[in-house]
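Below is final_35.txt, which holds compact mmCIF, C-alpha atoms and all ligand atoms.
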```txt
# COMPACT_ATOMS: atom_id res chain seq x y z
CA MET V 1 3.26 30.72 18.74
CA THR V 2 0.90 28.58 20.83
CA SER V 3 1.04 24.79 20.74
CA SER V 4 -2.27 24.72 18.86
CA GLU V 5 -0.95 27.11 16.21
CA LEU V 6 2.27 25.12 15.86
CA ILE V 7 0.37 21.91 15.27
CA ALA V 8 -2.29 23.45 13.03
CA GLN V 9 0.39 25.08 10.86
CA SER V 10 2.66 22.06 10.62
CA LYS V 11 2.31 19.70 7.65
CA THR V 12 1.99 16.83 10.11
CA ARG V 13 -1.31 15.00 10.35
CA VAL V 14 -2.02 14.40 14.03
CA ILE V 15 -4.69 11.75 14.23
CA ALA V 16 -6.41 10.50 17.39
CA ILE V 17 -7.66 6.93 17.01
CA ALA V 18 -10.73 6.99 19.20
CA ASN V 19 -13.83 5.01 19.98
CA GLN V 20 -14.84 4.62 23.59
CA LYS V 21 -16.17 1.17 22.87
CA GLY V 22 -13.54 -1.39 23.89
CA GLY V 23 -11.96 -3.93 21.58
CA VAL V 24 -13.03 -2.36 18.29
CA GLY V 25 -9.62 -2.28 16.63
CA LYS V 26 -8.18 1.06 17.72
CA THR V 27 -4.78 -0.33 18.66
CA THR V 28 -4.63 -2.79 15.76
CA THR V 29 -5.31 0.08 13.38
CA THR V 30 -2.86 2.44 15.09
CA VAL V 31 -0.04 -0.10 14.99
CA ASN V 32 -0.60 -1.54 11.52
CA LEU V 33 -1.61 1.61 9.70
CA GLY V 34 1.36 3.33 11.34
CA ALA V 35 3.71 0.55 10.24
CA ALA V 36 2.27 0.50 6.71
CA LEU V 37 2.72 4.27 6.38
CA ALA V 38 6.31 3.97 7.62
CA GLU V 39 6.89 1.23 5.06
CA LEU V 40 5.74 3.73 2.41
CA GLY V 41 8.46 6.12 3.54
CA GLN V 42 6.56 8.27 6.04
CA ARG V 43 7.98 9.22 9.42
CA VAL V 44 5.42 8.10 11.95
CA LEU V 45 5.09 8.61 15.70
CA LEU V 46 2.65 6.45 17.65
CA ILE V 47 1.66 7.85 21.03
CA ASP V 48 0.31 5.15 23.30
CA LEU V 49 -2.17 6.92 25.54
CA ASP V 50 -3.86 3.79 26.82
CA PRO V 51 -2.83 2.42 30.26
CA GLN V 52 -3.30 -1.08 28.81
CA ALA V 53 -0.17 -0.30 26.76
CA ASN V 54 -1.27 -2.62 23.94
CA ALA V 55 0.31 -0.50 21.21
CA SER V 56 3.63 -0.52 23.10
CA THR V 57 3.70 -4.25 23.79
CA GLY V 58 2.32 -4.99 20.30
CA LEU V 59 5.42 -3.32 18.91
CA GLY V 60 7.81 -5.28 21.09
CA ILE V 61 8.26 -2.71 23.85
CA ASN V 62 8.07 -3.90 27.41
CA PRO V 63 6.61 -0.98 29.39
CA ARG V 64 8.25 -2.27 32.58
CA ALA V 65 11.68 -2.20 31.03
CA ILE V 66 11.67 1.40 29.87
CA GLU V 67 12.64 4.41 31.90
CA LYS V 68 10.32 7.15 30.73
CA ASN V 69 6.82 6.87 29.35
CA MET V 70 3.69 8.89 28.67
CA TYR V 71 2.88 9.07 32.36
CA ASP V 72 6.10 11.03 32.94
CA VAL V 73 5.23 13.29 30.02
CA LEU V 74 1.68 14.06 31.14
CA LEU V 75 2.31 14.30 34.86
CA GLY V 76 5.98 15.21 35.05
CA ASP V 77 8.38 17.36 33.14
CA THR V 78 9.71 14.68 30.81
CA PRO V 79 9.95 15.91 27.22
CA LEU V 80 8.07 13.66 24.82
CA GLU V 81 11.19 13.01 22.79
CA ASP V 82 12.90 11.44 25.82
CA THR V 83 10.36 8.61 25.75
CA LEU V 84 10.63 7.67 22.09
CA GLU V 85 11.53 4.13 21.15
CA PRO V 86 12.30 3.13 17.56
CA VAL V 87 10.35 0.09 16.39
CA ALA V 88 12.52 -2.86 15.37
CA ASP V 89 12.42 -3.71 11.67
CA VAL V 90 10.30 -0.70 10.73
CA GLU V 91 12.38 2.26 9.68
CA GLY V 92 10.76 5.59 10.43
CA LEU V 93 8.33 4.27 13.06
CA PHE V 94 8.62 5.45 16.68
CA VAL V 95 6.55 4.82 19.79
CA ALA V 96 5.99 6.96 22.85
CA PRO V 97 5.15 4.09 25.22
CA SER V 98 2.44 3.94 27.82
CA SER V 99 2.60 2.36 31.25
CA LEU V 100 0.13 0.99 33.74
CA ASP V 101 0.69 4.16 35.79
CA LEU V 102 -1.25 6.02 33.17
CA ALA V 103 -4.42 4.51 34.66
CA GLY V 104 -3.93 6.85 37.61
CA ALA V 105 -3.32 9.81 35.35
CA GLU V 106 -7.03 10.30 34.65
CA ILE V 107 -7.52 11.00 38.34
CA GLU V 108 -4.21 12.72 39.03
CA LEU V 109 -4.77 15.12 36.15
CA VAL V 110 -8.17 16.28 37.40
CA PRO V 111 -7.00 19.06 39.71
CA GLY V 112 -4.08 19.93 37.45
CA PHE V 113 -3.46 23.21 35.67
CA ASN V 114 -3.93 23.00 31.93
CA ARG V 115 -5.01 19.43 32.38
CA GLU V 116 -6.51 19.07 28.86
CA ARG V 117 -3.44 20.55 27.19
CA ARG V 118 -0.64 18.41 28.62
CA LEU V 119 -0.28 16.32 25.49
CA ILE V 120 -0.51 19.13 22.95
CA ASP V 121 2.12 21.14 24.83
CA ALA V 122 4.41 18.10 24.89
CA LEU V 123 3.84 17.29 21.23
CA ALA V 124 4.15 20.76 19.73
CA PRO V 125 7.96 21.06 19.96
CA ILE V 126 8.58 17.86 17.97
CA VAL V 127 5.50 17.58 15.78
CA GLY V 128 7.36 18.85 12.69
CA ASP V 129 9.75 15.87 12.82
CA TYR V 130 6.97 13.55 11.66
CA ASP V 131 4.59 13.15 8.75
CA TYR V 132 2.01 11.35 10.88
CA VAL V 133 1.34 11.25 14.60
CA PHE V 134 -1.20 8.65 15.73
CA ILE V 135 -2.58 8.75 19.25
CA ASP V 136 -3.98 5.42 20.44
CA CYS V 137 -6.77 6.32 22.88
CA PRO V 138 -8.13 4.21 25.73
CA PRO V 139 -11.71 2.95 25.52
CA SER V 140 -13.21 5.87 27.43
CA LEU V 141 -13.97 9.53 26.98
CA GLY V 142 -11.96 10.60 30.03
CA LEU V 143 -9.15 13.10 30.35
CA LEU V 144 -6.64 10.99 28.43
CA THR V 145 -8.90 10.90 25.39
CA ILE V 146 -9.66 14.63 25.82
CA ASN V 147 -5.90 15.28 25.80
CA ALA V 148 -5.68 13.34 22.54
CA LEU V 149 -8.60 15.26 21.02
CA VAL V 150 -7.05 18.57 22.00
CA ALA V 151 -3.67 17.63 20.50
CA ALA V 152 -5.06 16.13 17.30
CA THR V 153 -6.30 17.78 14.14
CA GLU V 154 -8.20 14.70 13.04
CA VAL V 155 -10.05 11.79 14.56
CA LEU V 156 -10.02 8.34 13.01
CA VAL V 157 -12.81 6.09 14.29
CA PRO V 158 -12.50 2.34 13.75
CA ILE V 159 -15.88 0.66 13.58
CA GLN V 160 -16.33 -3.07 13.88
CA CYS V 161 -18.60 -4.70 11.32
CA GLU V 162 -20.72 -6.24 14.08
CA TYR V 163 -23.80 -5.77 16.17
CA TYR V 164 -23.91 -2.58 18.18
CA ALA V 165 -21.06 -1.38 16.00
CA LEU V 166 -22.14 2.21 16.35
CA GLU V 167 -22.90 2.05 20.02
CA GLY V 168 -21.40 5.12 21.59
CA VAL V 169 -20.32 6.65 18.29
CA GLY V 170 -23.04 9.29 18.67
CA GLN V 171 -21.56 10.27 22.00
CA LEU V 172 -18.07 10.36 20.50
CA VAL V 173 -19.34 12.61 17.69
CA ARG V 174 -20.86 14.98 20.27
CA ASN V 175 -17.69 15.01 22.37
CA VAL V 176 -15.56 15.80 19.34
CA GLU V 177 -17.96 18.66 18.60
CA LEU V 178 -17.66 19.93 22.19
CA VAL V 179 -13.87 19.81 22.08
CA ARG V 180 -13.92 21.55 18.70
CA LYS V 181 -16.05 24.38 20.06
CA SER V 182 -14.22 24.92 23.30
CA LEU V 183 -10.65 23.63 23.05
CA ASN V 184 -9.54 22.79 19.51
CA GLN V 185 -11.10 24.49 16.51
CA SER V 186 -9.12 22.44 14.01
CA LEU V 187 -10.51 19.09 15.15
CA GLU V 188 -12.70 17.00 12.87
CA ILE V 189 -13.69 13.38 12.46
CA SER V 190 -11.92 12.86 9.15
CA THR V 191 -11.77 9.11 8.78
CA ILE V 192 -13.93 6.10 9.56
CA VAL V 193 -12.34 2.70 9.09
CA LEU V 194 -14.48 -0.41 9.00
CA VAL V 195 -12.63 -3.31 10.58
CA MET V 196 -13.03 -7.01 11.41
CA TYR V 197 -15.11 -7.50 8.31
CA ASP V 198 -16.29 -11.05 7.73
CA ALA V 199 -17.70 -11.52 4.25
CA ARG V 200 -19.64 -14.59 5.30
CA THR V 201 -22.01 -12.73 7.55
CA LYS V 202 -24.85 -10.73 6.06
CA LEU V 203 -24.65 -8.44 9.03
CA ALA V 204 -21.13 -7.30 8.13
CA GLY V 205 -22.31 -6.10 4.74
CA GLN V 206 -25.29 -4.37 6.31
CA VAL V 207 -23.09 -2.55 8.79
CA VAL V 208 -20.82 -1.43 5.94
CA ASP V 209 -23.79 -0.03 4.04
CA GLU V 210 -25.27 1.63 7.08
CA VAL V 211 -22.04 3.30 8.13
CA ARG V 212 -21.50 4.52 4.56
CA ASN V 213 -25.03 5.91 4.47
CA HIS V 214 -24.41 7.79 7.66
CA PHE V 215 -20.84 9.02 7.31
CA GLY V 216 -20.52 9.15 3.51
CA GLU V 217 -17.12 10.15 2.17
CA LYS V 218 -15.43 9.94 5.55
CA VAL V 219 -15.63 6.14 5.37
CA CYS V 220 -12.53 4.60 3.83
CA LYS V 221 -13.05 2.47 0.74
CA ILE V 222 -10.65 -0.08 2.15
CA VAL V 223 -12.28 -2.34 4.71
CA ILE V 224 -10.05 -4.37 7.03
CA PRO V 225 -11.00 -8.06 7.04
CA ARG V 226 -11.15 -10.22 10.12
CA VAL V 227 -7.88 -12.12 9.89
CA VAL V 228 -6.41 -14.34 12.56
CA ARG V 229 -2.84 -13.26 11.85
CA LEU V 230 -3.78 -9.69 12.81
CA SER V 231 -4.69 -10.89 16.27
CA GLU V 232 -1.56 -13.06 16.54
CA ALA V 233 0.97 -10.41 15.52
CA PRO V 234 0.91 -8.41 18.81
CA SER V 235 2.05 -11.39 20.85
CA TYR V 236 5.18 -11.47 18.67
CA GLY V 237 5.66 -7.74 19.22
CA GLN V 238 5.41 -7.01 15.51
CA PRO V 239 3.06 -5.21 13.17
CA ILE V 240 1.43 -7.48 10.61
CA THR V 241 3.57 -5.96 7.86
CA VAL V 242 6.63 -7.51 9.52
CA PHE V 243 5.03 -10.55 11.13
CA ASP V 244 3.38 -11.83 7.96
CA PRO V 245 4.02 -9.36 5.14
CA GLU V 246 2.08 -11.29 2.49
CA ASN V 247 -0.99 -11.85 4.63
CA ARG V 248 -4.12 -10.16 3.36
CA GLY V 249 -4.41 -8.31 6.68
CA ALA V 250 -1.02 -6.74 5.92
CA GLN V 251 -2.16 -5.97 2.39
CA ALA V 252 -5.37 -4.40 3.68
CA TYR V 253 -3.46 -2.06 6.00
CA ARG V 254 -1.05 -1.21 3.15
CA ASP V 255 -4.01 -0.37 0.94
CA LEU V 256 -5.49 1.69 3.76
CA ALA V 257 -2.18 3.53 4.14
CA ASN V 258 -2.28 4.40 0.45
CA GLU V 259 -5.85 5.60 0.80
CA VAL V 260 -4.93 7.73 3.83
CA LEU V 261 -2.03 9.17 1.83
CA GLY V 262 -4.45 10.08 -0.93
CA ASN V 263 -2.73 7.78 -3.42
CA GLU V 264 -4.63 6.24 -6.27
CA LEU V 265 -6.03 2.90 -5.18
CA ASN V 266 -5.41 -0.08 -7.37
CA LEU V 267 -8.47 -2.08 -6.57
CA ASP V 268 -10.68 -4.49 -8.31
CA ASP V 269 -14.32 -4.50 -7.35
CA ASP V 270 -13.82 -7.44 -5.03
CA ASN V 271 -11.79 -5.34 -2.67
CA VAL V 272 -14.30 -2.59 -2.29
CA PRO V 273 -17.35 -3.52 -0.34
CA SER V 274 -20.13 -1.35 -1.57
CA SER V 275 -23.83 -1.08 -1.25
CA GLY V 276 -25.46 -4.21 -2.52
CA GLY V 277 -22.41 -6.39 -2.95
CA VAL V 278 -19.80 -7.21 -0.39
CA GLU V 279 -17.21 -9.48 -1.79
CA ILE V 280 -14.17 -9.80 0.44
CA VAL V 281 -13.80 -13.53 0.38
CA PRO V 282 -11.65 -15.06 3.11
CA ALA V 283 -8.61 -16.85 1.79
CA PRO V 284 -9.09 -20.61 2.20
CA ASP V 285 -5.74 -20.99 3.97
CA ASP V 286 -6.53 -18.32 6.52
CA PRO V 287 -9.58 -19.36 8.47
CA ALA V 288 -10.19 -17.63 11.76
CA PRO V 289 -10.07 -20.16 14.64
CA ASP V 290 -13.30 -18.89 16.07
CA ASP V 291 -14.95 -18.86 12.68
CA PRO V 292 -17.74 -21.34 12.16
CA ALA V 293 -17.54 -23.92 9.42
CA PRO V 294 -19.09 -22.60 6.21
CA ASP V 295 -22.24 -24.61 6.82
CA ASP V 296 -22.75 -23.29 10.30
CA PRO V 297 -25.26 -20.54 10.77
CA ALA V 298 -23.65 -17.13 10.49
CA PRO V 299 -22.59 -15.83 13.91
CA ASP V 300 -25.16 -13.08 13.78
CA ASP V 301 -28.06 -15.48 13.32
CA PRO V 302 -30.44 -15.52 15.01
CA ALA V 303 -30.65 -11.86 15.82
CA PRO V 304 -31.93 -10.33 19.01
CA PRO V 305 -35.51 -9.13 18.60
CA GLN V 306 -34.84 -5.41 18.11
CA PRO V 307 -31.19 -4.98 17.28
CA GLN V 308 -29.84 -1.47 17.02
CA LEU V 309 -26.50 -0.29 15.80
CA GLY V 310 -26.65 2.29 18.50
CA LEU V 311 -25.90 5.68 16.98
CA ASP V 312 -28.68 7.89 18.16
CA GLU V 313 -28.75 10.45 15.38
CA PRO V 314 -31.74 9.82 13.15
CA THR V 315 -31.16 8.53 9.69
CA ALA V 316 -33.43 7.88 6.80
CA ALA V 317 -31.84 4.57 5.96
CA PRO V 318 -32.61 1.67 8.27
CA ILE V 319 -30.84 -1.47 7.22
CA LYS V 320 -32.60 -4.67 6.55
CA ARG V 321 -32.43 -7.90 8.40
CA PRO V 322 -32.74 -11.05 6.40
CA SER V 323 -36.30 -12.24 6.04
CA GLY V 324 -37.94 -14.12 8.85
CA LEU V 325 -36.05 -12.34 11.59
CA GLY V 326 -38.72 -9.70 11.84
CA ALA V 327 -36.45 -6.87 12.83
CA THR V 328 -34.44 -4.05 11.36
CA MET V 329 -31.36 -2.36 12.61
CA ILE V 330 -31.51 1.32 12.89
CA LEU V 331 -29.13 4.08 13.66
CA GLY V 332 -31.74 6.09 15.44
CA GLY V 333 -35.29 7.34 15.46
CA SER V 334 -38.07 4.82 15.70
CA PRO V 335 -37.53 1.30 14.52
CA GLU V 336 -38.98 0.44 11.17
CA VAL V 337 -39.81 -3.07 10.13
CA MET V 338 -39.09 -3.62 6.50
CA PRO V 339 -41.81 -5.18 4.36
CA GLU V 340 -41.26 -8.91 4.28
CA ALA V 341 -41.22 -8.99 0.45
CA ASP V 342 -38.33 -6.56 0.40
CA SER V 343 -36.34 -8.63 2.81
CA GLU V 344 -36.88 -11.71 0.70
CA THR V 345 -35.76 -9.85 -2.37
CA LEU V 346 -32.67 -8.78 -0.49
CA GLU V 347 -31.86 -12.33 0.41
CA GLU V 348 -32.45 -13.68 -3.05
CA ASN V 349 -30.09 -11.11 -4.43
CA GLU V 350 -27.25 -12.10 -2.16
N1 LIG V 401 -9.04 -7.25 11.62
C1 LIG V 401 -8.90 -8.05 12.68
N2 LIG V 401 -8.95 -9.38 12.54
C2 LIG V 401 -8.84 -10.20 13.61
N3 LIG V 401 -8.66 -9.78 14.87
C3 LIG V 401 -8.60 -8.45 15.08
C4 LIG V 401 -8.70 -7.51 14.00
N4 LIG V 401 -8.60 -6.26 14.52
C5 LIG V 401 -8.45 -6.42 15.83
N5 LIG V 401 -8.43 -7.72 16.18
C6 LIG V 401 -8.31 -8.28 17.52
O1 LIG V 401 -9.42 -7.81 18.28
C7 LIG V 401 -9.03 -7.50 19.60
C8 LIG V 401 -9.34 -6.02 19.88
O2 LIG V 401 -8.57 -5.22 18.99
P1 LIG V 401 -7.80 -3.95 19.51
O3 LIG V 401 -6.98 -4.25 20.72
O4 LIG V 401 -7.13 -3.34 18.35
O5 LIG V 401 -9.03 -3.04 19.94
P2 LIG V 401 -9.02 -1.70 20.80
O6 LIG V 401 -10.18 -0.89 20.33
O7 LIG V 401 -7.68 -1.07 20.77
O8 LIG V 401 -9.30 -2.28 22.26
P3 LIG V 401 -9.28 -1.41 23.61
O9 LIG V 401 -10.54 -0.62 23.60
O10 LIG V 401 -9.23 -2.45 24.70
O11 LIG V 401 -8.06 -0.55 23.57
C9 LIG V 401 -7.56 -7.81 19.70
O12 LIG V 401 -7.41 -9.10 20.22
C10 LIG V 401 -7.09 -7.76 18.26
O13 LIG V 401 -5.97 -8.59 18.04
MG MG V 402 -6.46 -0.49 22.37
```
Using structure tokens, write down the structure from this file.
Amino acid sequence: MTSSELIAQSKTRVIAIANQKGGVGKTTTTVNLGAALAELGQRVLLIDLDPQANASTGLGINPRAIEKNMYDVLLGDTPLEDTLEPVADVEGLFVAPSSLDLAGAEIELVPGFNRERRLIDALAPIVGDYDYVFIDCPPSLGLLTINALVAATEVLVPIQCEYYALEGVGQLVRNVELVRKSLNQSLEISTIVLVMYDARTKLAGQVVDEVRNHFGEKVCKIVIPRVVRLSEAPSYGQPITVFDPENRGAQAYRDLANEVLGNELNLDDDNVPSSGGVEIVPAPDDPAPDDPAPDDPAPDDPAPPQPQLGLDEPTAAPIKRPSGLGATMILGGSPEVMPEADSETLEENE
């Protein structure tokens, strides 16, 4: 059986967490969704394919102190299982760590035989030991990400609820399509997760609506809020579920884990941002340090003159800017300026 057949036929979900835009929450989602799934009894392997090694260090692993890492797997003969490190305090969660050397791998792999299939061939022998394999990709569409897309059966794309949120997503969609056609027929973008949601900005709600309009059912109901503790946890080498188990960031990733598992979600309307009403209210005791005081103008005001979310596929649903800003955000096609009356109505309704 080929590696592709082994992976396609296994019950394991192999999910590449990809978005070539930097700093959008790939690693935070890999680490915390992985930990939340392990907490729910799943066996989870996190493959750190980013030379920055944030997933490794964020789970308390010092890449300098370990013997074998993903570089040795992709460019040497090291079996993947020889790199695995169990994560402290999270039963069932394992990491295949990265190292800075991996930065050179993009170049060193270029002339190599089977260069797009190094990861899938390494993963295939052990894939059946896990329920979930997450591959944390670097912020690029280079050979490391291609290796992840070839090994995976699904792609999860985290999207930040901010300006230019969809910048580059069109290119990612096309690349996934290319890989599907030529290298991995089982690949699909299965999951979009909206992250760093701040209920106080109108823009966040607009991005949520726009992404839902565009990607429909693929977008998870659970939206991850912007929570300071989520950004603090990595420096303690712990997932949020261990670092601050009661924090709403931990709860959000637990809810997301249940959604990913296909479990019934126990939500009240406040937890499900939907078209027209976005109601995730930040807990008063958990203000983000960089958050403005409630009276301050929202961080997205004023807007640049012609903001675009950046996905270049056309869509019929441009999203509205608040009145007076004179601009709309669009996913693609030609910009449309909404009638002023409509914008005012929108604002009054909020
Ligand atoms: N929901 C959140 N609330 C607050 N901070 C967050 C949240 N998600 C991510 N962050 C912070 O945002 C920054 C970028 O997140 P992260 O490292 O997960 O992105 P990334 O896409 O993996 O970045 P890169 O492209 O560099 O690999 C980090 O400092 C992280 O702690
Ligand atoms: Mg990262």
key: Shortest interatomic distance to ligand MG 402 (chain V) - which of V:Ile61, V:Arg174, V:Pro158, V:Ile15, counting all atoms listed in the file   =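 Checking each of V:Ile61, V:Arg174, V:Pro158, V:Ile15 against ligand MG 402 (chain V), counting all atoms listed in the file, the winner is V:Pro158.
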task = Find the spatial neighbours of stretch 38-47 of chain V, counting only C-alpha atoms, within a cut-off of 8 Å - ignore same-chain residues fewer than 2 positions away - and output them as number ranges by chain.
result = V: 30-31, 34-36, 49, 70, 90-98, 129-136
Create the file for the chosen residues now, containing C-alpha atoms and written as a tab-separated table (two decimals), in the frame of the given file.
```tsv
chain	number	residue	atom	x	y	z
V	30	THR	CA	-2.86	2.44	15.09
V	31	VAL	CA	-0.04	-0.10	14.99
V	34	GLY	CA	1.36	3.33	11.34
V	35	ALA	CA	3.71	0.55	10.24
V	36	ALA	CA	2.27	0.50	6.71
V	49	LEU	CA	-2.17	6.92	25.54
V	70	MET	CA	3.69	8.89	28.67
V	90	VAL	CA	10.30	-0.70	10.73
V	91	GLU	CA	12.38	2.26	9.68
V	92	GLY	CA	10.76	5.59	10.43
V	93	LEU	CA	8.33	4.27	13.06
V	94	PHE	CA	8.62	5.45	16.68
V	95	VAL	CA	6.55	4.82	19.79
V	96	ALA	CA	5.99	6.96	22.85
V	97	PRO	CA	5.15	4.09	25.22
V	98	SER	CA	2.44	3.94	27.82
V	129	ASP	CA	9.75	15.87	12.82
V	130	TYR	CA	6.97	13.55	11.66
V	131	ASP	CA	4.59	13.15	8.75
V	132	TYR	CA	2.01	11.35	10.88
V	133	VAL	CA	1.34	11.25	14.60
V	134	PHE	CA	-1.20	8.65	15.73
V	135	ILE	CA	-2.58	8.75	19.25
V	136	ASP	CA	-3.98	5.42	20.44
```
Environment of ligand LIG 401 (chain V) within 6 Å, counting only C-alpha atoms and all ligand atoms, reported as an MDAnalysis selection string = chainID V and resid 21:28 138:139 195:196 224:228 230:231
task = Find, counting all atoms listed in the file, the residue in V:Gly249, V:Gly104, V:Gly262, V:Pro234 that gets nearest to ligand MG 402 (chain V).
result =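 Of V:Gly249, V:Gly104, V:Gly262, V:Pro234, the one nearest ligand MG 402 (chain V), counting all atoms listed in the file, is V:Pro234.
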query = Taking only C-alpha atoms into account, which of V:Arg64, V:Lys11, V:Lys218, V:Arg118 comes nearest V:Asp77?
reply =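 Of the candidates, the smallest distance to V:Asp77 is held by V:Arg118.
Atom CA of V:Tyr253 to atom CA of V:Lys202 spans 23.1 Å [interatomic distance, one decimal].
The interatomic distance for the pair atom CA of V:Phe113 and atom CA of V:Ile146 works out to 14.5 Å.
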Computed interatomic separation between atom MG of ligand MG 402 (chain V) and atom CA of V:Pro245 (Å) =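 According to the coordinates, atom MG of ligand MG 402 (chain V) and atom CA of V:Pro245 are separated by 22.0 Å.
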ask   = Which is closer to V:Val110 than all the others in V:Val176, V:Leu75, V:Leu84, V:Val208, using all atoms listed in the file?
value =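 Nearest candidate to V:Val110 out of V:Val176, V:Leu75, V:Leu84, V:Val208: V:Leu75.
Distances here use only C-alpha atoms; by that measure, the residue among V:Ile120, V:Leu178, V:Leu172, V:Val223 closest to V:Ile7 is V:Ile120.
Minimum atom-to-atom distance to ligand MG 402 (chain V), evaluated using only C-alpha atoms and all ligand atoms, belongs to V:Cys137 out of V:Cys137, V:Glu85, V:Lys221, V:Ile107.
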inquiry  = I'd like the neighbourhood of V:Arg117 as a VMD selection string, where a residue qualifies if any of its atoms comes within 8 Å (using only C-alpha atoms), though same-chain residues fewer than 5 positions away should be ignored.
reply    = chain V and resid 147 150 to 151
Polymer residues at most 7 Å from V:Val219, only C-alpha atoms, same-chain spacing of 6 or more positions, as a list of chain:residue names =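 Final neighbour list, sorted by chain and number: V:Thr191, V:Ile192, V:Val193, V:Arg212.
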Just the selected residues (C-alpha atoms), exported as a CSV table (one decimal), in the coordinates of the input, please.
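What landed in selection-v2.csv:
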```
chain,number,residue,atom,x,y,z
V,191,THR,CA,-11.8,9.1,8.8
V,192,ILE,CA,-13.9,6.1,9.6
V,193,VAL,CA,-12.3,2.7,9.1
V,212,ARG,CA,-21.5,4.5,4.6
```
request  = Tell me, as a PyMOL selection string, which residues lie within 7 Å of V:Ile189, counting only C-alpha atoms; anything in the same chain fewer than 4 positions away does not count.
outcome  = chain V and resi 154-156
Is it possible to get the axis-aligned box enclosing stretch 32-49 of chain V (all listed atoms, 3 Å extra per side) as AutoDock Vina command-line options, with centre and edge lengths in Å rounded to one decimal?
```
--center_x 3.1 --center_y 3.8 --center_z 14.0 --size_x 16.6 --size_y 16.8 --size_z 29.1
```
ask   = Which neighbours of V:Val73 fall inside 9 Å, counting all atoms listed in the file, when residues of the same chain fewer than 3 positions from it are skipped, and could you give them as a VMD selection string?
value = chain V and resid 68 to 70 76 to 80 82 to 83 118 to 119 122
Write out, as a PDB file, in the coordinates of the input, the residues just selected, with C-alpha atoms.
```
ATOM      1  CA  LYS V  68      10.320   7.150  30.730  1.00  0.00           C
ATOM      2  CA  ASN V  69       6.820   6.870  29.350  1.00  0.00           C
ATOM      3  CA  MET V  70       3.690   8.890  28.670  1.00  0.00           C
ATOM      4  CA  GLY V  76       5.980  15.210  35.050  1.00  0.00           C
ATOM      5  CA  ASP V  77       8.380  17.360  33.140  1.00  0.00           C
ATOM      6  CA  THR V  78       9.710  14.680  30.810  1.00  0.00           C
ATOM      7  CA  PRO V  79       9.950  15.910  27.220  1.00  0.00           C
ATOM      8  CA  LEU V  80       8.070  13.660  24.820  1.00  0.00           C
ATOM      9  CA  ASP V  82      12.900  11.440  25.820  1.00  0.00           C
ATOM     10  CA  THR V  83      10.360   8.610  25.750  1.00  0.00           C
ATOM     11  CA  ARG V 118      -0.640  18.410  28.620  1.00  0.00           C
ATOM     12  CA  LEU V 119      -0.280  16.320  25.490  1.00  0.00           C
ATOM     13  CA  ALA V 122       4.410  18.100  24.890  1.00  0.00           C
TER      14      ALA V 122
END
```
